[in-house]
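Asks: Got a file for you: input_27.json, JSON, C-alpha atoms.
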[["chain", "number", "residue", "atom", "x", "y", "z"],
["I", 249, "MET", "CA", 49.52, 58.83, -144.59],
["I", 250, "MET", "CA", 47.65, 60.87, -142.01],
["I", 251, "ARG", "CA", 45.19, 58.00, -141.50],
["I", 252, "LEU", "CA", 48.10, 55.63, -140.83],
["I", 253, "LEU", "CA", 49.69, 58.14, -138.48],
["I", 254, "ARG", "CA", 46.41, 58.64, -136.66],
["I", 255, "GLY", "CA", 45.93, 54.90, -136.27],
["I", 256, "LEU", "CA", 49.45, 54.45, -134.92],
["I", 257, "TYR", "CA", 48.94, 57.32, -132.50],
["I", 258, "GLU", "CA", 45.67, 55.91, -131.16],
["I", 259, "TRP", "CA", 47.15, 52.40, -130.88],
["I", 260, "THR", "CA", 50.15, 53.70, -128.91],
["I", 261, "MET", "CA", 47.90, 55.78, -126.68],
["I", 262, "ALA", "CA", 45.91, 52.64, -125.85],
["I", 263, "LYS", "CA", 49.10, 50.74, -125.01],
["I", 264, "ALA", "CA", 50.40, 53.62, -122.92],
["I", 265, "ALA", "CA", 47.26, 53.40, -120.79],
["I", 266, "HIS", "CA", 47.63, 49.63, -120.36],
["I", 267, "PRO", "CA", 47.78, 48.41, -116.72],
["I", 268, "LYS", "CA", 51.33, 47.11, -117.25],
["I", 269, "ALA", "CA", 52.55, 50.24, -119.05],
["I", 270, "GLU", "CA", 54.48, 51.36, -115.96],
["I", 271, "TRP", "CA", 56.55, 48.18, -116.07],
["I", 272, "TRP", "CA", 57.30, 48.74, -119.75],
["I", 273, "LEU", "CA", 58.30, 52.32, -118.99],
["I", 274, "ALA", "CA", 60.60, 51.24, -116.16],
["I", 275, "GLY", "CA", 62.13, 48.54, -118.36],
["I", 276, "PHE", "CA", 62.80, 50.92, -121.26],
["I", 277, "ALA", "CA", 64.30, 53.52, -118.92],
["I", 278, "PHE", "CA", 66.55, 50.92, -117.27],
["I", 279, "VAL", "CA", 68.00, 49.32, -120.39],
["I", 280, "GLU", "CA", 68.35, 52.63, -122.27],
["I", 281, "SER", "CA", 70.78, 53.86, -119.63],
["I", 282, "SER", "CA", 73.06, 50.88, -120.02],
["I", 283, "PHE", "CA", 72.83, 49.24, -123.45],
["I", 284, "PHE", "CA", 69.54, 49.74, -125.34],
["I", 285, "PRO", "CA", 69.47, 52.32, -128.19],
["I", 286, "ILE", "CA", 65.79, 53.35, -127.96],
["I", 287, "PRO", "CA", 65.05, 56.05, -125.33],
["I", 288, "PRO", "CA", 62.00, 55.96, -123.00],
["I", 289, "HIS", "CA", 60.98, 59.55, -123.76],
["I", 290, "PRO", "CA", 58.30, 58.77, -126.38],
["I", 291, "LEU", "CA", 56.59, 56.22, -124.13],
["I", 292, "LEU", "CA", 56.79, 58.57, -121.15],
["I", 293, "GLY", "CA", 55.22, 61.36, -123.19],
["I", 294, "LEU", "CA", 52.42, 59.16, -124.47],
["I", 295, "MET", "CA", 51.66, 57.77, -121.02],
["I", 296, "CYS", "CA", 51.51, 61.30, -119.67],
["I", 297, "LEU", "CA", 49.15, 62.19, -122.50],
["I", 298, "ALA", "CA", 46.95, 59.18, -121.78],
["I", 299, "GLU", "CA", 46.76, 59.90, -118.04],
["I", 300, "PRO", "CA", 47.93, 63.46, -117.25],
["I", 301, "LYS", "CA", 47.00, 63.14, -113.56],
["I", 302, "LYS", "CA", 49.67, 60.42, -113.19],
["I", 303, "ALA", "CA", 52.35, 62.31, -115.11],
["I", 304, "ILE", "CA", 54.59, 63.01, -112.12],
["I", 305, "ARG", "CA", 54.31, 59.37, -111.02],
["I", 306, "PHE", "CA", 55.34, 58.21, -114.51],
["I", 307, "ALA", "CA", 58.24, 60.67, -114.58],
["I", 308, "LEU", "CA", 59.43, 59.46, -111.16],
["I", 309, "ILE", "CA", 59.32, 55.83, -112.29],
["I", 310, "CYS", "CA", 61.30, 56.75, -115.38],
["I", 311, "THR", "CA", 63.89, 58.67, -113.33],
["I", 312, "VAL", "CA", 64.45, 55.93, -110.75],
["I", 313, "ALA", "CA", 64.64, 53.14, -113.34],
["I", 314, "SER", "CA", 67.00, 55.19, -115.51],
["I", 315, "VAL", "CA", 69.39, 55.85, -112.62],
["I", 316, "LEU", "CA", 69.36, 52.15, -111.71],
["I", 317, "GLY", "CA", 70.07, 51.35, -115.35],
["I", 318, "GLY", "CA", 72.91, 53.86, -115.23],
["I", 319, "LEU", "CA", 74.37, 51.97, -112.28],
["I", 320, "PHE", "CA", 74.16, 48.78, -114.32],
["I", 321, "GLY", "CA", 76.02, 50.51, -117.14],
["I", 322, "TYR", "CA", 78.61, 51.71, -114.61],
["I", 323, "MET", "CA", 79.11, 48.11, -113.45],
["I", 324, "ILE", "CA", 79.58, 46.96, -117.05],
["I", 325, "GLY", "CA", 82.33, 49.51, -117.50],
["I", 326, "TYR", "CA", 83.91, 48.77, -114.11],
["I", 327, "PHE", "CA", 83.81, 44.97, -114.06],
["I", 328, "LEU", "CA", 83.10, 43.79, -117.61],
["I", 329, "TYR", "CA", 84.62, 46.33, -119.97],
["I", 330, "GLU", "CA", 86.91, 43.90, -121.80],
["I", 331, "ALA", "CA", 84.36, 41.06, -121.83],
["I", 332, "VAL", "CA", 81.21, 43.05, -122.64],
["I", 333, "GLY", "CA", 81.85, 46.79, -122.73],
["I", 334, "VAL", "CA", 84.09, 46.87, -125.80],
["I", 335, "TRP", "CA", 81.62, 44.88, -127.87],
["I", 336, "LEU", "CA", 78.65, 46.89, -126.58],
["I", 337, "ILE", "CA", 80.25, 50.26, -127.32],
["I", 338, "GLY", "CA", 81.09, 49.04, -130.82],
["I", 339, "ALA", "CA", 77.60, 47.66, -131.43],
["I", 340, "LEU", "CA", 76.11, 51.02, -130.47],
["I", 341, "GLY", "CA", 78.43, 52.83, -132.88],
["I", 342, "LEU", "CA", 80.13, 54.76, -130.06],
["I", 343, "THR", "CA", 83.69, 53.48, -130.34],
["I", 344, "GLU", "CA", 85.13, 56.80, -131.54],
["I", 345, "SER", "CA", 83.19, 58.72, -128.89],
["I", 346, "PHE", "CA", 84.37, 56.50, -126.01],
["I", 347, "PRO", "CA", 87.84, 58.06, -125.44],
["I", 348, "ILE", "CA", 86.32, 61.54, -125.83],
["I", 349, "ALA", "CA", 83.72, 60.74, -123.17],
["I", 350, "ALA", "CA", 86.45, 59.35, -120.90],
["I", 351, "CYS", "CA", 88.42, 62.57, -121.30],
["I", 352, "TYR", "CA", 85.41, 64.74, -120.43],
["I", 353, "ILE", "CA", 84.55, 62.66, -117.36],
["I", 354, "ARG", "CA", 88.15, 62.71, -116.10],
["I", 355, "GLU", "CA", 88.29, 66.47, -116.55],
["I", 356, "GLN", "CA", 84.78, 67.53, -115.53],
["I", 357, "GLY", "CA", 83.60, 64.68, -113.33],
["I", 358, "GLY", "CA", 79.97, 64.89, -112.28],
["I", 359, "VAL", "CA", 79.29, 67.85, -114.56],
["I", 360, "ALA", "CA", 79.92, 65.70, -117.64],
["I", 361, "VAL", "CA", 77.59, 62.96, -116.39],
["I", 362, "PHE", "CA", 74.93, 65.51, -115.45],
["I", 363, "LEU", "CA", 75.03, 67.12, -118.90],
["I", 364, "ALA", "CA", 74.83, 63.74, -120.63],
["I", 365, "ALA", "CA", 71.94, 62.69, -118.41],
["I", 366, "GLY", "CA", 69.93, 65.76, -119.36],
["I", 367, "THR", "CA", 70.81, 66.13, -123.08],
["I", 368, "PRO", "CA", 70.60, 64.04, -126.28],
["I", 369, "ILE", "CA", 74.15, 62.70, -125.71],
["I", 370, "PRO", "CA", 73.76, 58.89, -125.27],
["I", 371, "PHE", "CA", 73.61, 58.39, -121.50],
["I", 372, "LYS", "CA", 74.74, 54.78, -121.84],
["I", 373, "LEU", "CA", 78.04, 56.04, -123.27],
["I", 374, "MET", "CA", 78.69, 58.04, -120.12],
["I", 375, "THR", "CA", 77.56, 55.34, -117.67],
["I", 376, "ILE", "CA", 79.82, 52.67, -119.15],
["I", 377, "THR", "CA", 82.70, 55.14, -119.49],
["I", 378, "ALA", "CA", 82.29, 56.33, -115.89],
["I", 379, "GLY", "CA", 82.63, 52.76, -114.66],
["I", 380, "PHE", "CA", 85.61, 52.10, -116.90],
["I", 381, "ILE", "CA", 87.60, 55.07, -115.56],
["I", 382, "GLU", "CA", 86.47, 54.23, -112.01],
["I", 383, "MET", "CA", 84.70, 57.53, -111.38],
["I", 384, "ASN", "CA", 83.67, 58.10, -107.76],
["I", 385, "LEU", "CA", 80.43, 56.16, -107.39],
["I", 386, "ALA", "CA", 78.68, 58.65, -105.11],
["I", 387, "THR", "CA", 79.46, 61.52, -107.51],
["I", 388, "PHE", "CA", 78.22, 59.45, -110.42],
["I", 389, "VAL", "CA", 74.93, 58.58, -108.70],
["I", 390, "LEU", "CA", 74.22, 62.17, -107.62],
["I", 391, "ALA", "CA", 74.98, 63.52, -111.10],
["I", 392, "ALA", "CA", 72.83, 60.83, -112.72],
["I", 393, "ILE", "CA", 69.90, 61.56, -110.39],
["I", 394, "ALA", "CA", 70.14, 65.30, -111.06],
["I", 395, "GLY", "CA", 70.37, 64.95, -114.83],
["I", 396, "ARG", "CA", 67.73, 62.27, -115.25],
["I", 397, "ALA", "CA", 65.34, 64.07, -112.89],
["I", 398, "LEU", "CA", 65.81, 67.26, -114.90],
["I", 399, "ILE", "CA", 64.91, 65.65, -118.22],
["I", 400, "PHE", "CA", 62.06, 63.44, -116.96],
["I", 401, "MET", "CA", 60.50, 65.29, -114.02],
["I", 402, "VAL", "CA", 60.12, 68.51, -116.02],
["I", 403, "VAL", "CA", 58.06, 66.52, -118.52],
["I", 404, "GLY", "CA", 55.97, 65.08, -115.70],
["I", 405, "VAL", "CA", 55.31, 68.45, -114.11],
["I", 406, "LEU", "CA", 54.36, 70.08, -117.42],
["I", 407, "PHE", "CA", 51.95, 67.32, -118.31],
["I", 408, "GLN", "CA", 50.53, 67.32, -114.78],
["I", 409, "ILE", "CA", 49.72, 71.02, -115.14],
["I", 410, "PHE", "CA", 48.91, 71.30, -118.85],
["I", 411, "GLY", "CA", 48.13, 67.69, -119.72],
["I", 412, "ALA", "CA", 44.56, 68.06, -120.94],
["I", 413, "PRO", "CA", 45.17, 71.11, -123.18],
["I", 414, "ILE", "CA", 48.32, 69.49, -124.61],
["I", 415, "LYS", "CA", 46.38, 66.33, -125.43],
["I", 416, "GLN", "CA", 43.67, 68.35, -127.14],
["I", 417, "ILE", "CA", 46.28, 70.15, -129.25],
["I", 418, "ILE", "CA", 47.88, 66.86, -130.33],
["I", 419, "ASP", "CA", 44.51, 65.31, -131.09],
["I", 420, "GLU", "CA", 43.66, 68.26, -133.34],
["I", 421, "TYR", "CA", 47.07, 69.04, -134.84],
["I", 422, "LEU", "CA", 48.78, 65.64, -134.93],
["I", 423, "GLY", "CA", 50.53, 66.27, -138.24],
["I", 424, "THR", "CA", 52.06, 69.56, -137.10],
["I", 425, "VAL", "CA", 53.15, 68.12, -133.75],
["I", 426, "THR", "CA", 54.77, 65.16, -135.54],
["I", 427, "THR", "CA", 56.71, 67.52, -137.80],
["I", 428, "ILE", "CA", 57.96, 69.48, -134.80],
["I", 429, "PHE", "CA", 58.98, 66.25, -133.08],
["I", 430, "VAL", "CA", 60.98, 65.11, -136.12],
["I", 431, "VAL", "CA", 62.77, 68.47, -136.25],
["I", 432, "LEU", "CA", 63.68, 68.14, -132.56],
["I", 433, "VAL", "CA", 64.97, 64.59, -133.08],
["I", 434, "VAL", "CA", 67.19, 65.75, -135.95],
["I", 435, "ALA", "CA", 68.46, 68.60, -133.77],
["I", 436, "GLY", "CA", 69.24, 66.07, -131.06],
["I", 437, "PHE", "CA", 71.32, 63.95, -133.42],
["I", 438, "VAL", "CA", 73.21, 67.06, -134.49],
["I", 439, "ALA", "CA", 73.95, 67.77, -130.81],
["I", 440, "ILE", "CA", 75.19, 64.21, -130.36],
["I", 441, "THR", "CA", 77.66, 64.57, -133.21],
["I", 442, "GLN", "CA", 79.22, 67.57, -131.46],
["I", 443, "LEU", "CA", 80.61, 65.19, -128.84],
["I", 444, "GLY", "CA", 82.96, 64.01, -131.54],
["I", 445, "GLY", "CA", 84.37, 67.48, -132.21],
["I", 446, "GLY", "CA", 83.76, 70.44, -134.49],
["I", 447, "ASP", "CA", 84.65, 71.15, -138.09],
["I", 448, "ASP", "CA", 88.12, 71.83, -139.36],
["I", 449, "GLU", "CA", 87.77, 75.60, -139.05],
["I", 450, "GLY", "CA", 86.87, 75.35, -135.39],
["I", 451, "ASP", "CA", 89.58, 72.85, -134.41],
["I", 452, "ALA", "CA", 91.90, 75.52, -133.07],
["I", 453, "ASP", "CA", 89.31, 76.69, -130.56],
["I", 454, "ALA", "CA", 87.88, 73.25, -129.82],
["I", 455, "HIS", "CA", 88.02, 71.72, -126.37],
["I", 456, "PRO", "CA", 91.13, 69.48, -125.97],
["I", 457, "CYS", "CA", 88.94, 66.44, -125.34],
["I", 458, "THR", "CA", 87.47, 66.70, -128.83],
["I", 459, "GLN", "CA", 90.94, 65.94, -130.22],
["I", 460, "VAL", "CA", 91.30, 62.67, -128.27],
["I", 461, "THR", "CA", 91.26, 59.58, -130.47],
["I", 462, "SER", "CA", 92.44, 56.87, -128.06],
["I", 463, "LEU", "CA", 92.44, 56.05, -124.34],
["I", 464, "GLU", "CA", 96.22, 56.37, -124.26],
["I", 465, "GLN", "CA", 95.87, 60.12, -124.79],
["I", 466, "ILE", "CA", 93.97, 60.76, -121.56]]
Written as structure tokens, how would this file's structure read?

Replies:
Amino acid sequence: MMRLLRGLYEWTMAKAAHPKAEWWLAGFAFVESSFFPIPPHPLLGLMCLAEPKKAIRFALICTVASVLGGLFGYMIGYFLYEAVGVWLIGALGLTESFPIAACYIREQGGVAVFLAAGTPIPFKLMTITAGFIEMNLATFVLAAIAGRALIFMVVGVLFQIFGAPIKQIIDEYLGTVTTIFVVLVVAGFVAITQLGGGDDEGDADAHPCTQVTSLEQI
């Protein structure tokens, strides 16, 4: 198992250092913000590992492409919700979360978009929803830039400063690092589920938006 994991790691590292890797990173960041389920974070991290001196550049590419993808998601919600948005939200398994997201954006505005942009909550859910409810475009863009820069640029700066030591640690302790990564992914999914509300015991103290089940309620 470790040999397979090591081989996959080395193969991905080689691809991350490929001359066209930046285009792949930009493409992943763009589509993830609007309709694609796989996030660009793993590729960004591996590219930063492969070339730590370019970490900030990679993070900037990821940020810009992600915000542009967020604008594309906004346009889907604004212009094509009935034709494309409904199907897309359903295909991503976010139908029940959609009215909750709409409630949060109506109530909190840019804060809700900022939090989604910088947390495990699916950013595409918020971009499409923001367009659907016709959120102020300037507010949306500023919140998206702030949130995406927070989650990507921090990675870039850390790898720029500590890139070589971090790479050495992963090279030596790949199994342990993988375990930690899996734990963080699981924690992220748990955080995502909280968008849909708490348990029965906490319903009385839950935010009103967690009780929304349809767009007619907002």

Asks: Extract, using all atoms listed in the file, all DNA, RNA and protein residues at most 8 Å from I:Gly411, discarding same-chain residues fewer than 6 positions from it, and format them as a PyMOL selection string.

Replies: chain I and resi 296-297+300-301

Asks: Neighbours of I:Arg305 within 12 Å (only C-alpha atoms; same-chain residues fewer than 5 positions away dropped), as a ChimeraX atom specification?

Replies: /I:270,273-274,292,295-296,299-300,310-312,400-405,407-408

Asks: What gap, in Å, lies between atom CA of I:Leu336 and atom CA of I:Gly317?

Replies: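 Distance reported for this atom pair: 14.8 Å.
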
Asks: Quote the spacing between atom CA of I:Phe278 and atom CA of I:Ala386 in Å to one decimal place.

Replies: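 Straight-line distance from atom CA of I:Phe278 to atom CA of I:Ala386 works out to 18.8 Å.
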
Asks: Under the rule that all atoms listed in the file are counted, which of I:Leu319, I:Ile381, I:Val332, I:Ala397 is the nearest residue to I:Ala349?

Replies: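 Looking at the shortest contact to I:Ala349, the residue is I:Ile381.
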
Asks: So how far away is atom CA of I:Tyr329 from atom CA of I:Phe380, in Å?

Replies: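 Atom CA of I:Phe380 sits 6.6 Å away from atom CA of I:Tyr329.
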
Asks: Of the residues I:Val359, I:Ile399, I:Ala350, I:Ala298, which is the one nearest to I:Ala269, using only C-alpha atoms?

Replies: I:Ala298

Asks: Determine the nearest neighbour of I:Ala277 from the options I:Ala365, I:Val460, I:Leu340, I:Ala303, counting all atoms listed in the file.

Replies: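 Once distances to I:Ala277 are computed over all atoms listed in the file, the minimum belongs to I:Ala365.
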
Asks: Restricting the calculation to all atoms listed in the file: of I:Trp272, I:Phe371, I:Phe283, I:Phe388, which residue gets closest to I:Trp335?

Replies: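 Smallest separation from I:Trp335 among the options: I:Phe283.
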
Asks: If we count all atoms listed in the file and set the cut-off at 12 Å, which residues sit around I:Lys372, ignoring sequence neighbours fewer than 5 positions away in its own chain? Please answer as a PyMOL selection string.

Replies: chain I and resi 277-287+314-325+333+336-337+340-342+345-346+349+361+364-365+377-379+392

Asks: Take the point (78.0, 61.3, -111.9) as written in the file and pick out every residue within 7 Å of it, counting only C-alpha atoms; give the list as a PDB file with C-alpha atoms, keeping the file's coordinate frame.

Replies:
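Listed below is the output, out14.pdb:
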ATOM      1  CA  GLY I 357      83.600  64.680-113.330  1.00  0.00           C
ATOM      2  CA  GLY I 358      79.970  64.890-112.280  1.00  0.00           C
ATOM      3  CA  VAL I 361      77.590  62.960-116.390  1.00  0.00           C
ATOM      4  CA  PHE I 362      74.930  65.510-115.450  1.00  0.00           C
ATOM      5  CA  THR I 387      79.460  61.520-107.510  1.00  0.00           C
ATOM      6  CA  PHE I 388      78.220  59.450-110.420  1.00  0.00           C
ATOM      7  CA  VAL I 389      74.930  58.580-108.700  1.00  0.00           C
ATOM      8  CA  LEU I 390      74.220  62.170-107.620  1.00  0.00           C
ATOM      9  CA  ALA I 391      74.980  63.520-111.100  1.00  0.00           C
ATOM     10  CA  ALA I 392      72.830  60.830-112.720  1.00  0.00           C
TER      11      ALA I 392
END

Asks: Determine the axis-aligned bounding box of all atoms of stretch 381-400 of chain I present in the file, pad each side by 6 Å, and express its centre and edge lengths in Å to one decimal place as AutoDock Vina command-line options.

Replies:
--center_x 74.8 --center_y 60.7 --center_z -111.7 --size_x 37.5 --size_y 25.0 --size_z 25.1

Asks: Between I:Pro290, I:Glu355, I:Val334, I:Leu406, which has the minimum distance to I:Leu373 (counting all atoms listed in the file)?

Replies: I:Val334
